[in-house]
$ cat target-v4.pdb   # PDB, C-alpha atoms and all ligand atoms
ATOM      1  CA  MET A   1       8.509  -3.641 -12.772  1.00  0.00           C
ATOM      2  CA  LYS A   2       5.252  -5.607 -12.760  1.00  0.00           C
ATOM      3  CA  ILE A   3       2.468  -4.278 -10.537  1.00  0.00           C
ATOM      4  CA  GLU A   4      -0.289  -6.770  -9.770  1.00  0.00           C
ATOM      5  CA  TYR A   5      -3.449  -5.922  -7.817  1.00  0.00           C
ATOM      6  CA  LEU A   6      -4.528  -8.637  -5.374  1.00  0.00           C
ATOM      7  CA  GLY A   7      -7.638  -6.804  -4.070  1.00  0.00           C
ATOM      8  CA  HIS A   8      -8.364  -4.107  -1.422  1.00  0.00           C
ATOM      9  CA  SER A   9      -4.927  -2.501  -0.752  1.00  0.00           C
ATOM     10  CA  ALA A  10      -2.866  -5.624  -1.524  1.00  0.00           C
ATOM     11  CA  PHE A  11      -0.320  -5.645  -4.344  1.00  0.00           C
ATOM     12  CA  ARG A  12       2.459  -7.904  -5.595  1.00  0.00           C
ATOM     13  CA  ILE A  13       5.271  -5.959  -7.227  1.00  0.00           C
ATOM     14  CA  THR A  14       7.874  -7.913  -9.120  1.00  0.00           C
ATOM     15  CA  GLY A  15      11.108  -6.323 -10.239  1.00  0.00           C
ATOM     16  CA  SER A  16      14.549  -7.413  -9.136  1.00  0.00           C
ATOM     17  CA  LYS A  17      12.739  -8.792  -6.045  1.00  0.00           C
ATOM     18  CA  THR A  18       9.178  -9.856  -5.246  1.00  0.00           C
ATOM     19  CA  ILE A  19       7.450  -7.443  -2.888  1.00  0.00           C
ATOM     20  CA  ILE A  20       4.042  -7.952  -1.270  1.00  0.00           C
ATOM     21  CA  VAL A  21       2.212  -4.968   0.227  1.00  0.00           C
ATOM     22  CA  ASP A  22      -0.712  -5.125   2.705  1.00  0.00           C
ATOM     23  CA  PRO A  23      -1.708  -8.744   1.959  1.00  0.00           C
ATOM     24  CA  PHE A  24      -5.305  -8.919   3.191  1.00  0.00           C
ATOM     25  CA  LEU A  25      -6.167 -12.125   1.338  1.00  0.00           C
ATOM     26  CA  ASN A  26      -7.639 -15.003   3.332  1.00  0.00           C
ATOM     27  CA  LYS A  27     -10.495 -12.980   4.834  1.00  0.00           C
ATOM     28  CA  ASN A  28     -11.112 -10.833   1.767  1.00  0.00           C
ATOM     29  CA  PRO A  29     -13.788 -12.483  -0.405  1.00  0.00           C
ATOM     30  CA  ARG A  30     -12.720 -10.318  -3.365  1.00  0.00           C
ATOM     31  CA  ALA A  31      -9.015 -11.237  -3.178  1.00  0.00           C
ATOM     32  CA  CYS A  32      -7.751 -13.144  -6.210  1.00  0.00           C
ATOM     33  CA  LEU A  33      -5.635 -15.579  -4.193  1.00  0.00           C
ATOM     34  CA  LYS A  34      -5.015 -16.939  -0.708  1.00  0.00           C
ATOM     35  CA  ALA A  35      -1.890 -16.373   1.357  1.00  0.00           C
ATOM     36  CA  SER A  36      -0.868 -19.993   0.774  1.00  0.00           C
ATOM     37  CA  ASP A  37      -0.864 -19.333  -3.002  1.00  0.00           C
ATOM     38  CA  ILE A  38       2.067 -16.958  -2.573  1.00  0.00           C
ATOM     39  CA  ARG A  39       5.081 -19.266  -2.912  1.00  0.00           C
ATOM     40  CA  LYS A  40       7.753 -16.645  -3.488  1.00  0.00           C
ATOM     41  CA  ALA A  41       8.281 -13.309  -1.779  1.00  0.00           C
ATOM     42  CA  ASP A  42      11.400 -11.444  -0.711  1.00  0.00           C
ATOM     43  CA  ILE A  43       9.872  -8.509   1.153  1.00  0.00           C
ATOM     44  CA  VAL A  44       6.479  -8.044   2.839  1.00  0.00           C
ATOM     45  CA  LEU A  45       5.460  -4.456   3.619  1.00  0.00           C
ATOM     46  CA  ALA A  46       2.632  -3.672   6.052  1.00  0.00           C
ATOM     47  CA  THR A  47       1.460  -0.058   6.253  1.00  0.00           C
ATOM     48  CA  HIS A  48      -0.321  -0.469   9.598  1.00  0.00           C
ATOM     49  CA  GLY A  49      -1.831  -2.895  12.070  1.00  0.00           C
ATOM     50  CA  HIS A  50      -5.464  -2.892  10.928  1.00  0.00           C
ATOM     51  CA  GLY A  51      -6.530  -6.378   9.894  1.00  0.00           C
ATOM     52  CA  ASP A  52      -7.270  -5.380   6.309  1.00  0.00           C
ATOM     53  CA  HIS A  53      -3.626  -4.290   5.863  1.00  0.00           C
ATOM     54  CA  LEU A  54      -1.405  -6.381   8.160  1.00  0.00           C
ATOM     55  CA  GLY A  55      -3.652  -9.185   6.917  1.00  0.00           C
ATOM     56  CA  ASP A  56      -1.731 -12.382   6.208  1.00  0.00           C
ATOM     57  CA  SER A  57       1.742 -10.850   6.417  1.00  0.00           C
ATOM     58  CA  ILE A  58       2.880 -13.234   9.148  1.00  0.00           C
ATOM     59  CA  GLU A  59       1.760 -16.357   7.262  1.00  0.00           C
ATOM     60  CA  ILE A  60       3.391 -15.200   4.035  1.00  0.00           C
ATOM     61  CA  CYS A  61       6.686 -14.426   5.798  1.00  0.00           C
ATOM     62  CA  LYS A  62       6.606 -17.875   7.414  1.00  0.00           C
ATOM     63  CA  ASN A  63       5.869 -19.603   4.092  1.00  0.00           C
ATOM     64  CA  THR A  64       8.402 -17.731   1.990  1.00  0.00           C
ATOM     65  CA  GLY A  65      11.124 -16.515   4.360  1.00  0.00           C
ATOM     66  CA  ALA A  66      10.445 -12.918   3.269  1.00  0.00           C
ATOM     67  CA  VAL A  67      11.646  -9.986   5.377  1.00  0.00           C
ATOM     68  CA  PHE A  68       8.814  -8.237   7.218  1.00  0.00           C
ATOM     69  CA  VAL A  69       9.068  -4.430   6.974  1.00  0.00           C
ATOM     70  CA  ALA A  70       6.829  -2.121   8.982  1.00  0.00           C
ATOM     71  CA  ILE A  71       6.867   0.543  11.631  1.00  0.00           C
ATOM     72  CA  HIS A  72       8.967  -0.549  14.632  1.00  0.00           C
ATOM     73  CA  GLU A  73       6.030  -1.510  16.869  1.00  0.00           C
ATOM     74  CA  LEU A  74       4.537  -3.825  14.253  1.00  0.00           C
ATOM     75  CA  THR A  75       7.856  -5.626  13.824  1.00  0.00           C
ATOM     76  CA  LEU A  76       7.815  -6.395  17.567  1.00  0.00           C
ATOM     77  CA  TYR A  77       4.424  -8.014  17.058  1.00  0.00           C
ATOM     78  CA  ALA A  78       5.776 -10.007  14.114  1.00  0.00           C
ATOM     79  CA  GLN A  79       8.777 -11.172  16.144  1.00  0.00           C
ATOM     80  CA  GLU A  80       6.488 -12.310  18.956  1.00  0.00           C
ATOM     81  CA  ASN A  81       4.606 -14.315  16.342  1.00  0.00           C
ATOM     82  CA  GLY A  82       7.668 -16.171  15.117  1.00  0.00           C
ATOM     83  CA  ILE A  83       9.043 -13.930  12.359  1.00  0.00           C
ATOM     84  CA  THR A  84      12.805 -13.591  12.744  1.00  0.00           C
ATOM     85  CA  LYS A  85      13.607 -11.520   9.641  1.00  0.00           C
ATOM     86  CA  THR A  86      12.174  -8.084  10.362  1.00  0.00           C
ATOM     87  CA  GLU A  87      13.210  -4.513   9.555  1.00  0.00           C
ATOM     88  CA  GLY A  88      11.613  -1.859  11.748  1.00  0.00           C
ATOM     89  CA  MET A  89      11.309   1.695  10.469  1.00  0.00           C
ATOM     90  CA  ASN A  90       9.753   5.011  11.282  1.00  0.00           C
ATOM     91  CA  MET A  91       8.514   7.960   9.275  1.00  0.00           C
ATOM     92  CA  GLY A  92      11.117   9.740   7.176  1.00  0.00           C
ATOM     93  CA  GLY A  93      13.599   6.889   7.233  1.00  0.00           C
ATOM     94  CA  THR A  94      14.938   4.845   4.334  1.00  0.00           C
ATOM     95  CA  ILE A  95      16.386   1.347   4.409  1.00  0.00           C
ATOM     96  CA  GLU A  96      17.885  -0.781   1.674  1.00  0.00           C
ATOM     97  CA  ILE A  97      17.267  -4.498   1.304  1.00  0.00           C
ATOM     98  CA  ASP A  98      19.078  -6.297  -1.525  1.00  0.00           C
ATOM     99  CA  GLY A  99      19.223  -3.120  -3.599  1.00  0.00           C
ATOM    100  CA  ILE A 100      15.588  -2.127  -2.951  1.00  0.00           C
ATOM    101  CA  GLN A 101      15.237   1.261  -1.255  1.00  0.00           C
ATOM    102  CA  ILE A 102      12.232   1.547   1.047  1.00  0.00           C
ATOM    103  CA  THR A 103      11.198   4.890   2.541  1.00  0.00           C
ATOM    104  CA  ALA A 104       8.561   5.175   5.270  1.00  0.00           C
ATOM    105  CA  VAL A 105       6.398   8.251   4.753  1.00  0.00           C
ATOM    106  CA  ARG A 106       3.589   9.881   6.631  1.00  0.00           C
ATOM    107  CA  ALA A 107      -0.006   8.635   6.573  1.00  0.00           C
ATOM    108  CA  ASP A 108      -2.872  10.398   8.338  1.00  0.00           C
ATOM    109  CA  HIS A 109      -4.819   7.523   9.866  1.00  0.00           C
ATOM    110  CA  SER A 110      -5.070   5.434  13.087  1.00  0.00           C
ATOM    111  CA  SER A 111      -3.804   1.986  14.000  1.00  0.00           C
ATOM    112  CA  CYS A 112      -4.070  -0.868  16.473  1.00  0.00           C
ATOM    113  CA  ILE A 113      -3.584  -4.616  16.642  1.00  0.00           C
ATOM    114  CA  ASN A 114      -6.110  -6.906  18.238  1.00  0.00           C
ATOM    115  CA  VAL A 115      -5.124  -7.555  21.837  1.00  0.00           C
ATOM    116  CA  THR A 116      -4.580 -11.257  22.493  1.00  0.00           C
ATOM    117  CA  ASP A 117      -4.035 -13.307  25.620  1.00  0.00           C
ATOM    118  CA  LYS A 118      -0.321 -12.727  25.013  1.00  0.00           C
ATOM    119  CA  GLY A 119      -0.865  -9.100  25.842  1.00  0.00           C
ATOM    120  CA  GLY A 120      -1.428  -6.037  23.750  1.00  0.00           C
ATOM    121  CA  TYR A 121       0.752  -4.452  21.142  1.00  0.00           C
ATOM    122  CA  SER A 122       0.560  -0.905  19.966  1.00  0.00           C
ATOM    123  CA  GLY A 123       0.126  -0.863  16.235  1.00  0.00           C
ATOM    124  CA  GLY A 124       2.503   2.101  16.015  1.00  0.00           C
ATOM    125  CA  ASN A 125       1.656   4.924  13.650  1.00  0.00           C
ATOM    126  CA  PRO A 126       0.356   4.115  10.199  1.00  0.00           C
ATOM    127  CA  ILE A 127       2.781   4.825   7.363  1.00  0.00           C
ATOM    128  CA  GLY A 128       2.983   4.822   3.615  1.00  0.00           C
ATOM    129  CA  PHE A 129       5.889   3.434   1.602  1.00  0.00           C
ATOM    130  CA  VAL A 130       7.902   4.681  -1.333  1.00  0.00           C
ATOM    131  CA  VAL A 131       9.833   1.809  -2.874  1.00  0.00           C
ATOM    132  CA  ARG A 132      12.572   2.244  -5.475  1.00  0.00           C
ATOM    133  CA  ASP A 133      13.907  -0.665  -7.489  1.00  0.00           C
ATOM    134  CA  GLY A 134      16.512   0.595  -9.959  1.00  0.00           C
ATOM    135  CA  ASN A 135      15.032   3.365 -12.094  1.00  0.00           C
ATOM    136  CA  ARG A 136      11.423   2.639 -11.083  1.00  0.00           C
ATOM    137  CA  ALA A 137       9.587   3.727  -7.941  1.00  0.00           C
ATOM    138  CA  PHE A 138       6.094   3.308  -6.568  1.00  0.00           C
ATOM    139  CA  TYR A 139       4.259   4.956  -3.680  1.00  0.00           C
ATOM    140  CA  HIS A 140       1.751   2.922  -1.644  1.00  0.00           C
ATOM    141  CA  ALA A 141      -0.160   5.436   0.461  1.00  0.00           C
ATOM    142  CA  GLY A 142      -1.599   2.889   2.910  1.00  0.00           C
ATOM    143  CA  ASP A 143      -4.721   4.296   4.536  1.00  0.00           C
ATOM    144  CA  THR A 144      -4.613   8.062   4.673  1.00  0.00           C
ATOM    145  CA  GLY A 145      -6.415  11.299   4.265  1.00  0.00           C
ATOM    146  CA  LEU A 146      -5.092  13.940   1.919  1.00  0.00           C
ATOM    147  CA  PHE A 147      -2.189  15.974   3.301  1.00  0.00           C
ATOM    148  CA  LYS A 148      -0.188  18.701   1.665  1.00  0.00           C
ATOM    149  CA  ASP A 149       3.204  17.069   2.304  1.00  0.00           C
ATOM    150  CA  MET A 150       2.335  14.604  -0.455  1.00  0.00           C
ATOM    151  CA  LYS A 151       3.863  17.351  -2.580  1.00  0.00           C
ATOM    152  CA  LEU A 152       7.203  16.600  -0.871  1.00  0.00           C
ATOM    153  CA  ILE A 153       6.793  12.879  -1.557  1.00  0.00           C
ATOM    154  CA  GLY A 154       6.334  13.751  -5.224  1.00  0.00           C
ATOM    155  CA  GLU A 155       9.285  16.134  -5.329  1.00  0.00           C
ATOM    156  CA  LEU A 156      11.748  14.020  -3.344  1.00  0.00           C
ATOM    157  CA  TYR A 157      10.975  10.486  -4.513  1.00  0.00           C
ATOM    158  CA  LYS A 158       9.289  11.006  -7.910  1.00  0.00           C
ATOM    159  CA  PRO A 159       7.171   7.833  -7.856  1.00  0.00           C
ATOM    160  CA  ASP A 160       6.280   6.567 -11.342  1.00  0.00           C
ATOM    161  CA  VAL A 161       3.146   4.971  -9.918  1.00  0.00           C
ATOM    162  CA  SER A 162       0.998   6.031  -6.950  1.00  0.00           C
ATOM    163  CA  LEU A 163      -1.383   3.571  -5.320  1.00  0.00           C
ATOM    164  CA  LEU A 164      -4.062   5.662  -3.583  1.00  0.00           C
ATOM    165  CA  PRO A 165      -7.093   4.790  -1.429  1.00  0.00           C
ATOM    166  CA  ILE A 166     -10.427   6.126  -2.726  1.00  0.00           C
ATOM    167  CA  GLY A 167     -12.989   4.380  -0.506  1.00  0.00           C
ATOM    168  CA  SER A 168     -13.738   7.481   1.611  1.00  0.00           C
ATOM    169  CA  ARG A 169     -15.158   7.037   5.153  1.00  0.00           C
ATOM    170  CA  TYR A 170     -11.786   5.721   6.456  1.00  0.00           C
ATOM    171  CA  THR A 171      -9.503   7.340   3.854  1.00  0.00           C
ATOM    172  CA  MET A 172      -9.490   9.789   0.988  1.00  0.00           C
ATOM    173  CA  GLY A 173     -12.297   9.608  -1.539  1.00  0.00           C
ATOM    174  CA  PRO A 174     -11.896  10.006  -5.320  1.00  0.00           C
ATOM    175  CA  ARG A 175     -11.780  13.817  -5.267  1.00  0.00           C
ATOM    176  CA  GLU A 176      -9.110  13.950  -2.554  1.00  0.00           C
ATOM    177  CA  ALA A 177      -7.128  11.186  -4.269  1.00  0.00           C
ATOM    178  CA  ALA A 178      -7.129  13.173  -7.513  1.00  0.00           C
ATOM    179  CA  TYR A 179      -5.848  16.173  -5.580  1.00  0.00           C
ATOM    180  CA  ALA A 180      -3.130  13.930  -4.078  1.00  0.00           C
ATOM    181  CA  ALA A 181      -2.208  12.901  -7.624  1.00  0.00           C
ATOM    182  CA  LYS A 182      -1.756  16.579  -8.439  1.00  0.00           C
ATOM    183  CA  TYR A 183       0.869  16.808  -5.683  1.00  0.00           C
ATOM    184  CA  LEU A 184       2.532  13.471  -6.452  1.00  0.00           C
ATOM    185  CA  LYS A 185       2.873  13.986 -10.217  1.00  0.00           C
ATOM    186  CA  SER A 186       2.989  10.239 -10.908  1.00  0.00           C
ATOM    187  CA  LYS A 187       2.256   9.275 -14.504  1.00  0.00           C
ATOM    188  CA  ILE A 188       0.131   6.357 -13.330  1.00  0.00           C
ATOM    189  CA  ILE A 189      -2.470   6.417 -10.548  1.00  0.00           C
ATOM    190  CA  VAL A 190      -4.094   3.223  -9.265  1.00  0.00           C
ATOM    191  CA  PRO A 191      -7.156   3.406  -6.970  1.00  0.00           C
ATOM    192  CA  MET A 192      -7.363   0.963  -4.061  1.00  0.00           C
ATOM    193  CA  HIS A 193      -9.269   0.418  -0.777  1.00  0.00           C
ATOM    194  CA  TYR A 194     -12.788   0.555  -2.276  1.00  0.00           C
ATOM    195  CA  ASN A 195     -15.734  -1.811  -2.946  1.00  0.00           C
ATOM    196  CA  THR A 196     -14.401  -4.485  -0.589  1.00  0.00           C
ATOM    197  CA  THR A 197     -17.394  -3.837   1.687  1.00  0.00           C
ATOM    198  CA  PRO A 198     -20.525  -1.670   1.276  1.00  0.00           C
ATOM    199  CA  LEU A 199     -19.019   0.875   3.689  1.00  0.00           C
ATOM    200  CA  ILE A 200     -16.356   1.851   1.140  1.00  0.00           C
ATOM    201  CA  ARG A 201     -18.429   1.622  -2.036  1.00  0.00           C
ATOM    202  CA  GLN A 202     -17.115   3.928  -4.733  1.00  0.00           C
ATOM    203  CA  ASN A 203     -17.172   4.300  -8.479  1.00  0.00           C
ATOM    204  CA  PRO A 204     -13.467   4.416  -9.447  1.00  0.00           C
ATOM    205  CA  SER A 205     -14.283   6.214 -12.700  1.00  0.00           C
ATOM    206  CA  GLU A 206     -14.958   9.251 -10.484  1.00  0.00           C
ATOM    207  CA  LEU A 207     -11.209   9.347  -9.898  1.00  0.00           C
ATOM    208  CA  LYS A 208     -10.712   9.603 -13.670  1.00  0.00           C
ATOM    209  CA  MET A 209     -13.300  12.358 -13.795  1.00  0.00           C
ATOM    210  CA  PHE A 210     -11.517  14.425 -11.139  1.00  0.00           C
ATOM    211  CA  VAL A 211      -8.076  13.779 -12.683  1.00  0.00           C
ATOM    212  CA  ASN A 212      -9.491  15.224 -15.925  1.00  0.00           C
ATOM    213  CA  GLU A 213     -11.130  18.099 -14.081  1.00  0.00           C
ATOM    214  CA  PHE A 214      -7.810  19.008 -12.443  1.00  0.00           C
ATOM    215  CA  GLU A 215      -6.127  18.674 -15.868  1.00  0.00           C
ATOM    216  CA  LEU A 216      -3.461  16.273 -14.620  1.00  0.00           C
ATOM    217  CA  ASP A 217      -1.006  14.512 -16.890  1.00  0.00           C
ATOM    218  CA  ALA A 218      -1.697  11.117 -15.326  1.00  0.00           C
ATOM    219  CA  GLU A 219      -3.286   7.865 -16.418  1.00  0.00           C
ATOM    220  CA  VAL A 220      -5.747   6.254 -13.999  1.00  0.00           C
ATOM    221  CA  LYS A 221      -5.522   2.470 -14.152  1.00  0.00           C
ATOM    222  CA  ILE A 222      -8.601   0.792 -12.675  1.00  0.00           C
ATOM    223  CA  LEU A 223      -7.653  -2.779 -11.807  1.00  0.00           C
ATOM    224  CA  GLU A 224      -9.727  -5.798 -10.826  1.00  0.00           C
ATOM    225  CA  PRO A 225      -8.112  -8.281  -8.420  1.00  0.00           C
ATOM    226  CA  GLY A 226      -5.693 -10.330 -10.528  1.00  0.00           C
ATOM    227  CA  ASP A 227      -5.086  -7.531 -13.069  1.00  0.00           C
ATOM    228  CA  TYR A 228      -1.565  -6.262 -13.591  1.00  0.00           C
ATOM    229  CA  PHE A 229       0.514  -3.909 -15.715  1.00  0.00           C
ATOM    230  CA  GLU A 230       4.192  -3.322 -16.294  1.00  0.00           C
ATOM    231  CA  ILE A 231       6.244  -0.145 -16.344  1.00  0.00           C
TER     232      ILE A 231
HETATM  233 ZN    ZN B   1      -6.692   1.250   8.394  1.00  0.00          ZN
END

$ encode --input "target-v4.pdb" --output "structure tokens" --more "lines below"
Ligand code: ZN
Amino acid sequence: MKIEYLGHSAFRITGSKTIIVDPFLNKNPRACLKASDIRKADIVLATHGHGDHLGDSIEICKNTGAVFVAIHELTLYAQENGITKTEGMNMGGTIEIDGIQITAVRADHSSCINVTDKGGYSGGNPIGFVVRDGNRAFYHAGDTGLFKDMKLIGELYKPDVSLLPIGSRYTMGPREAAYAAKYLKSKIIVPMHYNTTPLIRQNPSELKMFVNEFELDAEVKILEPGDYFEI
């Protein structure tokens, strides 16, 4: 499984399928590519309706024919915008697409979609995703604060990699993310959702510091947009 950071909370994960998560690309000056650069994708996951997460999901699904996966209300929005292949979910549920198991898990956050002249859509509740492809699994927390049920996510789904927001203000900061890592027990922790704007400025090495302070058996991988690793 190859995990590639595209900037902010956007990732491209390539295993038996190509999965894009939260592709905020065209309007993110720090993103390493544009939506039109993504030629191949099988599944697009959007954690919630905020523009920096739903991002360019619709364009990428149109360009690639990927299935759009999100909370039910967001899939209605996608359908209204011309996406025919959608899979709606809600928290606690698991679906399987071409052998990839996708579980929607809780996220403590808010959501909305910009209201257009076509009418308004509820963004539904924000979610996180646990995705299993064969013997590898990753957890993308979306935007969230720390919550104790992350311990259940760790126990039930055993993600090898956890992608955690550290920007603070709108999500967890580095200290809370390190505490989340303690619950999740992933061997690899990747910080996301920081330094895209001055409002979420953070030093990601603080996450390493807290992971050491909590004496966790986890490696923190600090990625620049375009960086990747394989597990
Ligand atoms: Zn958000």

$ resolve_selection --input "target-v4.pdb" --expression "the PyMOL selection byres (((chain A and resi 73-87) around 9) and not hetatm)" --output "list in words"
Ala46, His48, Gly49, Leu54, Ser57, Ile58, Cys61, Lys62, Gly65, Ala66, Val67, Phe68, Val69, Ala70, Ile71, His72, Gly88, Met89, Ile95, Ile113, Tyr121, Ser122, Gly123, Gly124 and Asn125 of chain A

$ closest_residue --input "target-v4.pdb" --among "A:Phe138, A:Tyr170, A:Phe24, A:Phe147" --to "ligand ZN 1 (chain B)" --atoms "only C-alpha atoms and all ligand atoms"
A:Tyr170

$ residues_near_ligand --input "target-v4.pdb" --ligand "ligand ZN 1 (chain B)" --cutoff "12 Å" --atoms "all atoms listed in the file" --output "mmCIF file with C-alpha atoms, in the frame of the given file"
data_model
loop_
_atom_site.group_PDB
_atom_site.id
_atom_site.type_symbol
_atom_site.label_atom_id
_atom_site.label_comp_id
_atom_site.auth_asym_id
_atom_site.auth_seq_id
_atom_site.Cartn_x
_atom_site.Cartn_y
_atom_site.Cartn_z
ATOM 1 C CA HIS A 8 -8.364 -4.107 -1.422
ATOM 2 C CA SER A 9 -4.927 -2.501 -0.752
ATOM 3 C CA ASP A 22 -0.712 -5.125 2.705
ATOM 4 C CA PHE A 24 -5.305 -8.919 3.191
ATOM 5 C CA ALA A 46 2.632 -3.672 6.052
ATOM 6 C CA THR A 47 1.460 -0.058 6.253
ATOM 7 C CA HIS A 48 -0.321 -0.469 9.598
ATOM 8 C CA GLY A 49 -1.831 -2.895 12.070
ATOM 9 C CA HIS A 50 -5.464 -2.892 10.928
ATOM 10 C CA GLY A 51 -6.530 -6.378 9.894
ATOM 11 C CA ASP A 52 -7.270 -5.380 6.309
ATOM 12 C CA HIS A 53 -3.626 -4.290 5.863
ATOM 13 C CA LEU A 54 -1.405 -6.381 8.160
ATOM 14 C CA GLY A 55 -3.652 -9.185 6.917
ATOM 15 C CA ALA A 107 -0.006 8.635 6.573
ATOM 16 C CA ASP A 108 -2.872 10.398 8.338
ATOM 17 C CA HIS A 109 -4.819 7.523 9.866
ATOM 18 C CA SER A 110 -5.070 5.434 13.087
ATOM 19 C CA SER A 111 -3.804 1.986 14.000
ATOM 20 C CA CYS A 112 -4.070 -0.868 16.473
ATOM 21 C CA ILE A 113 -3.584 -4.616 16.642
ATOM 22 C CA GLY A 123 0.126 -0.863 16.235
ATOM 23 C CA GLY A 124 2.503 2.101 16.015
ATOM 24 C CA ASN A 125 1.656 4.924 13.650
ATOM 25 C CA PRO A 126 0.356 4.115 10.199
ATOM 26 C CA ILE A 127 2.781 4.825 7.363
ATOM 27 C CA GLY A 128 2.983 4.822 3.615
ATOM 28 C CA ALA A 141 -0.160 5.436 0.461
ATOM 29 C CA GLY A 142 -1.599 2.889 2.910
ATOM 30 C CA ASP A 143 -4.721 4.296 4.536
ATOM 31 C CA THR A 144 -4.613 8.062 4.673
ATOM 32 C CA GLY A 145 -6.415 11.299 4.265
ATOM 33 C CA PRO A 165 -7.093 4.790 -1.429
ATOM 34 C CA GLY A 167 -12.989 4.380 -0.506
ATOM 35 C CA SER A 168 -13.738 7.481 1.611
ATOM 36 C CA ARG A 169 -15.158 7.037 5.153
ATOM 37 C CA TYR A 170 -11.786 5.721 6.456
ATOM 38 C CA THR A 171 -9.503 7.340 3.854
ATOM 39 C CA MET A 172 -9.490 9.789 0.988
ATOM 40 C CA HIS A 193 -9.269 0.418 -0.777
#

$ resolve_selection --input "target-v4.pdb" --expression "the PyMOL selection byres (((chain A and resi 37) around 12) and not hetatm)" --output "number ranges by chain"
A: 6, 23, 25-26, 31-36, 38-41, 56, 59-60, 63-64

$ residues_around --input "target-v4.pdb" --residues "segment 101-104 of chain A" --least-positions-apart "6" --cutoff "6 Å" --atoms "all atoms listed in the file" --output "tab-separated table (two decimals) with C-alpha atoms, in the coordinates of the input"
chain	number	residue	atom	x	y	z
A	91	MET	CA	8.51	7.96	9.28
A	92	GLY	CA	11.12	9.74	7.18
A	93	GLY	CA	13.60	6.89	7.23
A	94	THR	CA	14.94	4.84	4.33
A	95	ILE	CA	16.39	1.35	4.41
A	128	GLY	CA	2.98	4.82	3.62
A	129	PHE	CA	5.89	3.43	1.60
A	130	VAL	CA	7.90	4.68	-1.33
A	131	VAL	CA	9.83	1.81	-2.87
A	132	ARG	CA	12.57	2.24	-5.48

$ resolve_selection --input "target-v4.pdb" --expression "the PyMOL selection byres (((chain A and resi 186-192) around 9) and not hetatm)" --output "PyMOL selection string"
chain A and resi 5+7-10+138+154+158-167+174+177-178+181-185+193-195+204+207+217-223

$ atom_distance --input "target-v4.pdb" --atom1 "atom CA of Val105 of chain A" --atom2 "atom CA of Met1 of chain A"
21.3 Å
